[in-house]
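J.: So I've got this file, target38.txt, and it contains compact mmCIF, C-alpha atoms:
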```txt
# COMPACT_ATOMS: atom_id res chain seq x y z
CA MET A 1 78.77 51.39 58.56
CA SER A 2 77.44 48.56 60.77
CA GLU A 3 75.86 45.62 58.91
CA GLY A 4 73.08 44.53 61.30
CA PRO A 5 70.53 47.39 61.60
CA PRO A 6 70.74 48.63 57.96
CA SER A 7 70.29 45.08 56.64
CA ARG A 8 67.32 44.57 58.95
CA ALA A 9 65.85 47.87 57.78
CA LEU A 10 66.39 46.89 54.16
CA ARG A 11 64.80 43.49 54.64
CA ALA A 12 61.83 45.05 56.43
CA ALA A 13 61.41 47.61 53.65
CA VAL A 14 61.46 44.90 50.99
CA ARG A 15 58.91 42.82 52.93
CA LEU A 16 56.63 45.82 53.25
CA TYR A 17 56.96 46.70 49.57
CA ARG A 18 56.23 43.13 48.54
CA ALA A 19 53.07 43.15 50.68
CA LEU A 20 51.94 46.48 49.23
CA LEU A 21 52.25 45.12 45.69
CA ARG A 22 48.83 43.58 46.32
CA ALA A 23 47.50 47.01 45.34
CA TYR A 24 48.18 46.05 41.71
CA PRO A 25 45.79 43.86 39.72
CA ARG A 26 46.43 40.15 40.01
CA ALA A 27 47.49 39.69 36.38
CA PHE A 28 50.02 42.53 36.65
CA ARG A 29 51.39 41.14 39.90
CA ARG A 30 51.77 37.68 38.41
CA GLN A 31 53.82 39.14 35.58
CA TYR A 32 55.92 41.77 37.33
CA ALA A 33 55.85 41.45 41.13
CA GLU A 34 59.14 39.56 41.35
CA GLN A 35 60.94 42.01 39.08
CA MET A 36 59.50 45.02 40.89
CA THR A 37 60.60 43.63 44.24
CA GLN A 38 64.10 42.99 42.85
CA LEU A 39 64.30 46.54 41.52
CA PHE A 40 63.04 48.03 44.78
CA ARG A 41 65.62 46.06 46.75
CA ASP A 42 68.49 46.92 44.39
CA CYS A 43 67.71 50.64 44.39
CA ALA A 44 67.21 50.66 48.17
CA ARG A 45 70.57 48.93 48.59
CA ASP A 46 72.21 51.54 46.32
CA ALA A 47 70.64 54.40 48.27
CA LEU A 48 71.73 52.81 51.54
CA ALA A 49 75.32 52.45 50.30
CA ARG A 50 75.50 56.05 49.00
CA HIS A 51 73.52 58.02 51.56
CA GLY A 52 72.94 55.69 54.50
CA THR A 53 69.59 55.02 56.14
CA PRO A 54 68.13 58.48 55.35
CA GLY A 55 68.88 57.90 51.68
CA MET A 56 67.25 54.50 51.77
CA LEU A 57 64.18 55.93 53.50
CA GLY A 58 63.99 58.65 50.85
CA TRP A 59 64.01 56.00 48.12
CA CYS A 60 61.32 54.00 49.96
CA VAL A 61 59.07 57.05 50.17
CA ARG A 62 59.50 57.77 46.46
CA ALA A 63 58.82 54.13 45.61
CA LEU A 64 55.66 54.08 47.74
CA CYS A 65 54.38 57.26 46.07
CA ASP A 66 55.14 55.64 42.71
CA LEU A 67 53.23 52.54 43.83
CA ALA A 68 50.18 54.51 44.95
CA ARG A 69 50.02 56.37 41.66
CA THR A 70 50.68 53.51 39.26
CA ALA A 71 48.63 50.86 41.09
CA SER A 72 45.48 52.95 40.70
CA GLY A 73 46.31 53.46 37.02
CA GLN A 74 46.77 49.74 36.48
CA ARG A 75 43.51 48.97 38.31
CA LEU A 76 41.66 51.48 36.14
CA ALA A 77 43.23 50.09 32.96
CA ALA A 78 42.24 46.56 34.00
CA ALA A 79 38.67 47.66 34.72
CA LEU A 80 38.38 49.41 31.34
CA ALA A 81 39.78 46.35 29.60
CA THR A 82 37.02 44.19 31.09
CA PRO A 83 34.49 43.21 28.41
CA PRO A 84 31.28 45.33 28.57
CA ARG A 85 29.29 42.16 29.24
CA ALA A 86 30.94 41.92 32.64
CA HIS A 87 29.57 45.35 33.58
CA ARG A 88 25.97 44.19 33.24
CA PRO A 89 25.61 43.08 36.89
CA LEU A 90 26.81 46.51 38.01
CA LEU A 91 24.26 48.19 35.76
CA GLY A 92 21.63 45.79 37.05
CA ALA A 93 22.52 46.67 40.65
CA VAL A 94 22.22 50.39 39.93
CA VAL A 95 18.83 49.97 38.23
CA LEU A 96 17.48 47.67 40.95
CA GLY A 97 18.81 50.05 43.59
CA LEU A 98 16.90 52.93 41.98
CA VAL A 99 13.75 50.82 41.79
CA THR A 100 14.10 49.81 45.46
CA GLY A 101 14.68 53.41 46.49
CA ALA A 102 11.62 54.54 44.51
CA VAL A 103 9.43 51.80 46.06
CA ASN A 104 10.66 52.82 49.50
CA ALA A 105 9.86 56.47 48.85
CA ARG A 106 6.28 55.69 47.80
CA SER A 107 5.35 52.99 50.29
CA THR A 108 3.73 53.53 53.68
CA ALA A 109 4.61 50.04 54.87
CA ALA A 110 7.98 48.35 55.21
CA GLN A 111 7.02 45.14 53.41
CA PRO A 112 7.06 46.29 49.74
CA PRO A 113 10.54 47.86 49.81
CA MET A 114 11.89 44.98 51.91
CA LEU A 115 10.48 42.44 49.44
CA CYS A 116 11.93 44.42 46.55
CA LEU A 117 15.27 44.55 48.36
CA LEU A 118 15.44 40.84 49.13
CA LEU A 119 14.37 39.75 45.63
CA SER A 120 16.81 42.19 43.96
CA THR A 121 19.84 41.21 46.03
CA ALA A 122 19.07 37.52 45.73
CA ALA A 123 18.68 37.82 41.95
CA LEU A 124 22.01 39.70 41.59
CA GLY A 125 23.70 37.27 43.96
CA LEU A 126 22.47 34.39 41.83
CA TRP A 127 23.53 36.10 38.58
CA ALA A 128 26.98 37.29 39.66
CA PRO A 129 27.83 35.59 42.97
CA ARG A 130 31.49 36.64 43.17
CA LEU A 131 30.50 40.21 44.00
CA ALA A 132 27.20 39.51 45.76
CA TRP A 133 28.28 41.70 48.69
CA CYS A 134 28.87 44.61 46.29
CA TRP A 135 25.41 44.34 44.74
CA ALA A 136 23.86 44.05 48.20
CA LEU A 137 25.54 47.25 49.35
CA LEU A 138 24.49 49.11 46.19
CA ILE A 139 20.86 48.00 46.37
CA GLY A 140 20.60 48.11 50.18
CA GLY A 141 22.21 51.53 50.25
CA ALA A 142 19.42 52.85 48.04
CA VAL A 143 16.92 52.79 50.93
CA PRO A 144 18.72 55.14 53.36
CA THR A 145 19.98 57.16 50.39
CA SER A 146 16.46 57.74 49.04
CA GLN A 147 15.29 58.79 52.53
CA ALA A 148 18.27 61.06 53.03
CA LEU A 149 17.70 62.73 49.67
CA ALA A 150 14.01 63.24 50.38
CA PHE A 151 14.88 64.68 53.79
CA ALA A 152 17.52 67.01 52.37
CA LEU A 153 15.31 68.19 49.50
CA HIS A 154 12.13 68.43 51.65
CA LEU A 155 10.34 66.06 49.31
CA PRO A 156 6.98 64.73 50.54
CA LEU A 157 7.01 61.10 51.68
CA PRO A 158 4.00 59.02 52.70
CA TYR A 159 5.59 58.53 56.13
CA PRO A 160 7.36 60.87 58.57
CA ASN A 161 10.96 61.30 57.54
CA ASP A 162 13.59 62.98 59.69
CA ALA A 163 17.29 62.55 60.39
CA ARG A 164 16.59 59.87 63.00
CA HIS A 165 14.61 57.74 60.52
CA VAL A 166 17.38 58.14 57.94
CA LEU A 167 19.85 56.63 60.41
CA LEU A 168 17.37 53.91 61.37
CA ALA A 169 17.21 52.91 57.68
CA LEU A 170 20.92 51.97 57.67
CA PRO A 171 20.39 48.50 59.21
CA VAL A 172 18.52 47.57 56.02
CA LEU A 173 22.00 46.74 54.69
CA LEU A 174 21.91 43.57 56.77
CA PRO A 175 18.93 41.95 55.00
CA ALA A 176 20.45 43.17 51.73
CA LEU A 177 23.65 41.25 52.49
CA LEU A 178 21.60 38.21 53.53
CA GLY A 179 19.67 38.36 50.26
CA GLY A 180 22.91 38.58 48.28
CA ALA A 181 24.41 35.69 50.24
CA ALA A 182 21.30 33.60 49.59
CA GLY A 183 21.53 34.27 45.86
CA ALA A 184 25.24 33.41 45.84
CA ALA A 185 24.54 30.20 47.74
CA LEU A 186 21.82 29.25 45.25
CA SER A 187 24.22 29.87 42.34
CA ARG A 188 26.47 27.08 43.62
CA LEU A 189 23.56 24.69 43.25
CA ALA A 190 22.95 25.70 39.63
CA PRO A 191 24.34 23.31 36.98
CA ARG A 192 27.30 24.66 35.00
CA GLY A 193 26.22 26.37 31.83
CA TRP A 194 22.63 27.13 32.83
CA ASP A 195 23.48 30.82 32.78
CA GLY A 196 25.98 32.37 30.45
CA LEU A 197 27.47 34.74 32.98
CA ALA A 198 27.82 32.18 35.75
CA HIS A 199 29.46 29.81 33.30
CA ALA A 200 31.79 32.53 32.01
CA GLU A 201 32.82 33.38 35.56
CA ALA A 202 33.64 29.76 36.28
CA ALA A 203 35.57 29.53 33.00
CA GLY A 204 37.36 32.75 33.88
CA ARG A 205 38.41 31.32 37.22
CA ALA A 206 39.75 28.19 35.51
CA ALA A 207 41.76 30.19 32.94
CA PRO A 208 45.31 31.25 33.93
CA MET B 1 56.88 51.57 3.64
CA GLY B 2 54.00 54.02 3.92
CA GLU B 3 52.17 51.61 6.19
CA ASP B 4 55.26 51.29 8.34
CA ALA B 5 55.68 55.07 8.57
CA GLY B 6 52.03 55.28 9.61
CA ALA B 7 52.60 52.74 12.36
CA VAL B 8 55.46 54.86 13.71
CA GLU B 9 53.57 58.16 13.46
CA ARG B 10 50.57 56.74 15.30
CA LEU B 11 52.75 56.14 18.37
CA LEU B 12 54.14 59.69 18.53
CA PRO B 13 54.62 61.74 20.60
CA LEU B 14 56.10 59.48 23.23
CA THR B 15 55.83 60.12 26.93
CA PRO B 16 59.15 60.90 28.67
CA ALA B 17 59.06 57.53 30.47
CA VAL B 18 58.63 55.62 27.21
CA PHE B 19 61.34 57.56 25.40
CA HIS B 20 63.80 57.14 28.26
CA ILE B 21 63.30 53.39 28.36
CA LEU B 22 63.72 53.07 24.60
CA LEU B 23 66.92 55.15 24.85
CA ALA B 24 68.25 52.87 27.57
CA LEU B 25 67.70 49.82 25.35
CA VAL B 26 69.22 51.25 22.15
CA ASP B 27 72.73 49.87 22.64
CA GLU B 28 72.09 46.59 24.47
CA ASP B 29 69.54 44.33 26.15
CA ARG B 30 68.93 45.24 29.77
CA HIS B 31 66.90 44.13 32.75
CA GLY B 32 64.85 46.53 34.86
CA TYR B 33 67.64 47.50 37.25
CA GLY B 34 70.00 47.90 34.31
CA ILE B 35 67.53 50.26 32.63
CA VAL B 36 67.25 52.36 35.80
CA LYS B 37 71.05 52.52 36.19
CA GLU B 38 71.55 53.46 32.55
CA LEU B 39 68.94 56.24 32.81
CA ALA B 40 70.66 57.59 35.93
CA ARG B 41 74.00 57.51 34.09
CA ILE B 42 72.93 59.25 30.87
CA THR B 43 70.79 61.87 32.62
CA GLY B 44 73.19 62.54 35.48
CA GLY B 45 70.67 61.30 38.02
CA ALA B 46 67.90 63.61 36.78
CA VAL B 47 65.61 60.70 35.87
CA GLN B 48 64.77 58.27 38.65
CA MET B 49 62.05 55.84 37.71
CA GLY B 50 60.10 53.89 40.31
CA PRO B 51 59.30 50.19 39.84
CA GLY B 52 55.62 50.90 39.17
CA THR B 53 56.35 53.42 36.43
CA LEU B 54 59.08 51.29 34.88
CA TYR B 55 57.16 48.05 34.67
CA GLY B 56 53.87 49.72 33.82
CA THR B 57 55.66 51.30 30.86
CA ILE B 58 57.41 48.05 29.96
CA LYS B 59 54.04 46.32 29.89
CA ARG B 60 52.77 48.94 27.47
CA LEU B 61 55.87 48.77 25.28
CA LEU B 62 55.55 44.97 25.07
CA ALA B 63 51.92 45.31 24.03
CA GLU B 64 52.81 47.83 21.33
CA GLY B 65 55.68 45.72 20.01
CA LEU B 66 58.38 48.29 20.72
CA ILE B 67 60.33 45.90 22.96
CA VAL B 68 60.40 42.14 23.50
CA GLU B 69 61.53 39.95 26.34
CA ALA B 70 65.02 38.64 25.69
CA GLY B 71 64.97 35.75 28.13
CA GLU B 72 66.23 35.33 31.68
CA GLN B 73 69.89 35.24 32.60
CA PRO B 74 71.70 35.00 35.93
CA ASP B 75 73.61 38.10 36.99
CA GLU B 76 76.89 38.32 38.93
CA ALA B 77 75.08 37.28 42.09
CA ALA B 78 73.49 34.30 40.27
CA GLU B 79 70.09 35.95 40.58
CA ARG B 80 67.86 35.46 37.55
CA ARG B 81 67.01 38.67 35.71
CA ARG B 82 64.52 39.13 32.87
CA TYR B 83 66.07 41.07 29.99
CA TYR B 84 64.34 43.30 27.44
CA ARG B 85 65.35 44.13 23.88
CA LEU B 86 64.40 46.93 21.51
CA THR B 87 62.60 45.72 18.36
CA ALA B 88 63.10 47.16 14.90
CA LEU B 89 59.82 49.06 15.31
CA GLY B 90 61.03 50.35 18.66
CA GLN B 91 64.25 51.58 17.01
CA ARG B 92 62.28 53.44 14.36
CA VAL B 93 59.88 54.94 16.88
CA ALA B 94 62.71 56.09 19.14
CA GLY B 95 64.46 57.60 16.14
CA ALA B 96 61.30 59.38 15.00
CA GLU B 97 60.75 60.82 18.47
CA ALA B 98 64.37 62.00 18.64
CA THR B 99 63.91 63.69 15.25
CA ARG B 100 60.71 65.34 16.44
CA LEU B 101 62.38 66.66 19.60
CA ALA B 102 65.41 67.89 17.64
CA ARG B 103 63.07 69.80 15.33
CA LEU B 104 61.43 71.47 18.33
CA VAL B 105 64.82 72.40 19.76
CA ARG B 106 65.82 74.00 16.44
CA LEU B 107 62.59 76.00 16.45
CA ALA B 108 63.28 77.18 19.99
CA GLU B 109 66.84 78.12 19.03
CA ALA B 110 65.58 80.07 16.02
CA LYS B 111 63.30 82.02 18.35
CA ARG B 112 66.25 82.64 20.67
CA MET B 113 64.45 80.89 23.53
CA LEU B 114 67.52 78.82 24.32
CA PRO B 115 70.87 80.05 25.58
CA PRO B 116 73.87 79.49 23.27
CA ALA B 117 74.55 75.76 22.91
CA PRO B 118 77.21 74.54 25.38
CA GLN B 119 79.90 72.10 24.24
CA ALA B 120 78.40 68.76 23.23
CA LEU B 121 77.21 66.63 26.14
CA THR B 122 78.76 63.18 26.54
CA PRO B 123 76.36 60.32 27.34
CA GLY B 124 77.57 60.62 30.95
CA GLY B 125 75.64 63.86 31.16
CA THR B 126 78.59 66.11 31.88
CA GLY B 127 79.33 69.23 29.86
```
Would it be possible to restate this file's structure as structure tokens?
T.:
Amino acid sequence: MSEGPPSRALRAAVRLYRALLRAYPRAFRRQYAEQMTQLFRDCARDALARHGTPGMLGWCVRALCDLARTASGQRLAAALATPPRAHRPLLGAVVLGLVTGAVNARSTAAQPPMLCLLLSTAALGLWAPRLAWCWALLIGGAVPTSQALAFALHLPLPYPNDARHVLLALPVLLPALLGGAAGAALSRLAPRGWDGLAHAEAAGRAAP
Amino acid sequence: MGEDAGAVERLLPLTPAVFHILLALVDEDRHGYGIVKELARITGGAVQMGPGTLYGTIKRLLAEGLIVEAGEQPDEAAERRRYYRLTALGQRVAGAEATRLARLVRLAEAKRMLPPAPQALTPGGTG
């Protein structure tokens, strides 16, 4: 068996596997990424020695399927292990999104829902700036979603609502993202410890 | 003693991945690749564990106190490997699971669900 191509294939496979380990949560990667890469390389080398390149490729496919399955499990376990307090911004985003959608469904003018949108996203961005983009998408997405639901269910709206207007509501995500960014920017100006969650996030970042 | 038996019972039944890893660590400390090789040897290649499954299970076993890290040592190629060791609790849990499985096999034999027992398998997995 020639040394060059199989070794190159093995090295490429290991590099790819190492890159894909980013699918696992950071804490898990910190603990096990090196060992997992070693194991992947050793088993790939064994498969290459026994069954050649097809054998190595078969091992790589099995390892990637194993990665896809277990990485999602580890992510879910990490999310469930997060203290309930950390889920409050998500709950807040859902509630504010529902409020924004309801305001949009009842208003004949654009200003009230837009004001609701900007204030909501800025407030969430200020409260939990690390995921300001996530809150903005949740709250901003409520406007086209509420219109789409009303259109699909033939619910009466104070303004004409058709498929075209549902699509035209999508750009509302842009001011939502701007609102979230503004809130996140303001949070950097806040003194440490003024808000429990902001302080806890900063402490969490400092902890190993 | 009762409290200890309760701690063992609470962990049963074990998943196949957990039981296989505990089996691999019964006779000596091993690193991840060593565990995979030992499993392939004793099962005749029937069990092939991916890195995600192996280390996800190891993480769980460490949290439950069934195994501990036994330090890092260089292997033949001078590459550092992290070894794992079965704890006393892990020994008891593995033994309890083996007893449970043996009881199920006896029940299946009594119901004639299993063919006549072949000659005893060696750890190499051959008949």
J.: For chain A against chain B, which residues fall within 7 Å using only C-alpha atoms, given as a count of residues only?
T.: 8
J.: One number please: CA of Leu138 in chain A to CA of His87 in chain A, in Å, one decimal.
T.: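 We find that CA of Leu138 in chain A and CA of His87 in chain A lie 14.1 Å from each other.
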J.: Name the closest residue to Ala63 in chain B among the candidates B:Gly90, B:Ala77, B:Ala96, B:Leu14; distances are taken between atoms, counting all atoms listed in the file.
T.: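 The answer is B:Gly90, which sits nearest to Ala63 in chain B.
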J.: To one decimal place in Å, what is the distance between CA of Leu90 in chain A and CA of Trp135 in chain A?
T.: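 These two atoms are separated by 7.2 Å.
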J.: If you count only C-alpha atoms, which residues fall within 12 Å of Ala5 in chain B, apart from same-chain ones fewer than 3 positions away, as a list in words?
T.: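 Within the cut-off, the hits are Met1, Gly2, Val8, Glu9, Arg10, Leu11, Leu12, Leu89, Arg92, Val93, Gly95 and Ala96 of chain B.
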J.: Taking every listed atom of range 100-107 of chain A and adding 8 Å to each side, what centre and edge lengths in Å (one decimal) does the axis-aligned box have, as JSON?
T.:
```
{"center_x": 10.0, "center_y": 53.1, "center_z": 47.4, "size_x": 25.3, "size_y": 22.7, "size_z": 21.8}
```
J.: Please list, as a PyMOL selection string, the residues that have an atom at most 9 Å away from (65.0, 46.4, 24.6) in the coordinates of this file, counting all atoms listed in the file.
T.: chain B and resi 21-31+66-70+83-87+90
J.: Measuring between all atoms listed in the file, which one of A:Ala128, A:Arg15, A:Leu177, A:Ser146 shows the shortest distance to Leu91 in chain A?
T.: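 Closest candidate: A:Ala128.
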J.: By how many Å are CA of Leu57 in chain A and CA of Gln35 in chain A apart?
T.: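 For CA of Leu57 in chain A relative to CA of Gln35 in chain A, the distance reads 20.3 Å.
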J.: Would you fill out range 56-86 of chain B with N, CA and C atoms and return it as a tab-separated table (two decimals), in the frame of the given file?
T.:
```tsv
chain	number	residue	atom	x	y	z
B	56	GLY	N	55.10	49.35	34.50
B	56	GLY	CA	53.87	49.72	33.82
B	56	GLY	C	54.17	50.14	32.39
B	57	THR	N	55.26	50.88	32.20
B	57	THR	CA	55.66	51.30	30.86
B	57	THR	C	56.17	50.13	30.04
B	58	ILE	N	56.93	49.24	30.67
B	58	ILE	CA	57.41	48.05	29.96
B	58	ILE	C	56.24	47.21	29.47
B	59	LYS	N	55.23	47.08	30.29
B	59	LYS	CA	54.04	46.32	29.89
B	59	LYS	C	53.42	46.93	28.63
B	60	ARG	N	53.35	48.25	28.62
B	60	ARG	CA	52.77	48.94	27.47
B	60	ARG	C	53.65	48.78	26.24
B	61	LEU	N	54.95	48.90	26.41
B	61	LEU	CA	55.87	48.77	25.28
B	61	LEU	C	55.84	47.35	24.71
B	62	LEU	N	55.69	46.36	25.56
B	62	LEU	CA	55.55	44.97	25.07
B	62	LEU	C	54.28	44.82	24.26
B	63	ALA	N	53.19	45.43	24.74
B	63	ALA	CA	51.92	45.31	24.03
B	63	ALA	C	51.98	46.00	22.67
B	64	GLU	N	52.73	47.09	22.59
B	64	GLU	CA	52.81	47.83	21.33
B	64	GLU	C	53.90	47.31	20.40
B	65	GLY	N	54.66	46.31	20.86
B	65	GLY	CA	55.68	45.72	20.01
B	65	GLY	C	56.95	46.54	19.89
B	66	LEU	N	57.17	47.47	20.79
B	66	LEU	CA	58.38	48.29	20.72
B	66	LEU	C	59.56	47.59	21.39
B	67	ILE	N	59.28	46.71	22.32
B	67	ILE	CA	60.33	45.90	22.96
B	67	ILE	C	59.82	44.46	23.06
B	68	VAL	N	60.76	43.54	23.26
B	68	VAL	CA	60.40	42.14	23.50
B	68	VAL	C	61.22	41.64	24.69
B	69	GLU	N	60.74	40.57	25.28
B	69	GLU	CA	61.53	39.95	26.34
B	69	GLU	C	62.67	39.17	25.70
B	70	ALA	N	63.84	39.29	26.28
B	70	ALA	CA	65.02	38.64	25.69
B	70	ALA	C	65.51	37.52	26.60
B	71	GLY	N	64.60	36.91	27.33
B	71	GLY	CA	64.97	35.75	28.13
B	71	GLY	C	65.49	36.13	29.50
B	72	GLU	N	65.70	35.12	30.32
B	72	GLU	CA	66.23	35.33	31.68
B	72	GLU	C	67.67	34.85	31.73
B	73	GLN	N	68.48	35.63	32.42
B	73	GLN	CA	69.89	35.24	32.60
B	73	GLN	C	70.30	35.52	34.04
B	74	PRO	N	71.21	34.71	34.58
B	74	PRO	CA	71.70	35.00	35.93
B	74	PRO	C	72.69	36.15	35.88
B	75	ASP	N	72.66	37.01	36.93
B	75	ASP	CA	73.61	38.10	36.99
B	75	ASP	C	74.84	37.66	37.79
B	76	GLU	N	75.66	38.66	38.21
B	76	GLU	CA	76.89	38.32	38.93
B	76	GLU	C	76.60	37.60	40.24
B	77	ALA	N	75.45	37.92	40.82
B	77	ALA	CA	75.08	37.28	42.09
B	77	ALA	C	74.23	36.03	41.86
B	78	ALA	N	74.23	35.53	40.62
B	78	ALA	CA	73.49	34.30	40.27
B	78	ALA	C	71.99	34.47	40.47
B	79	GLU	N	71.53	35.70	40.47
B	79	GLU	CA	70.09	35.95	40.58
B	79	GLU	C	69.53	36.11	39.17
B	80	ARG	N	68.41	35.43	38.89
B	80	ARG	CA	67.86	35.46	37.55
B	80	ARG	C	67.21	36.82	37.27
B	81	ARG	N	67.54	37.37	36.10
B	81	ARG	CA	67.01	38.67	35.71
B	81	ARG	C	66.35	38.51	34.35
B	82	ARG	N	65.20	39.19	34.16
B	82	ARG	CA	64.52	39.13	32.87
B	82	ARG	C	64.99	40.32	32.03
B	83	TYR	N	65.52	40.03	30.85
B	83	TYR	CA	66.07	41.07	29.99
B	83	TYR	C	65.05	41.51	28.94
B	84	TYR	N	65.21	42.74	28.48
B	84	TYR	CA	64.34	43.30	27.44
B	84	TYR	C	65.20	43.83	26.31
B	85	ARG	N	64.62	43.73	25.08
B	85	ARG	CA	65.35	44.13	23.88
B	85	ARG	C	64.47	45.04	23.03
B	86	LEU	N	65.10	46.02	22.42
B	86	LEU	CA	64.40	46.93	21.51
B	86	LEU	C	64.12	46.19	20.20
```
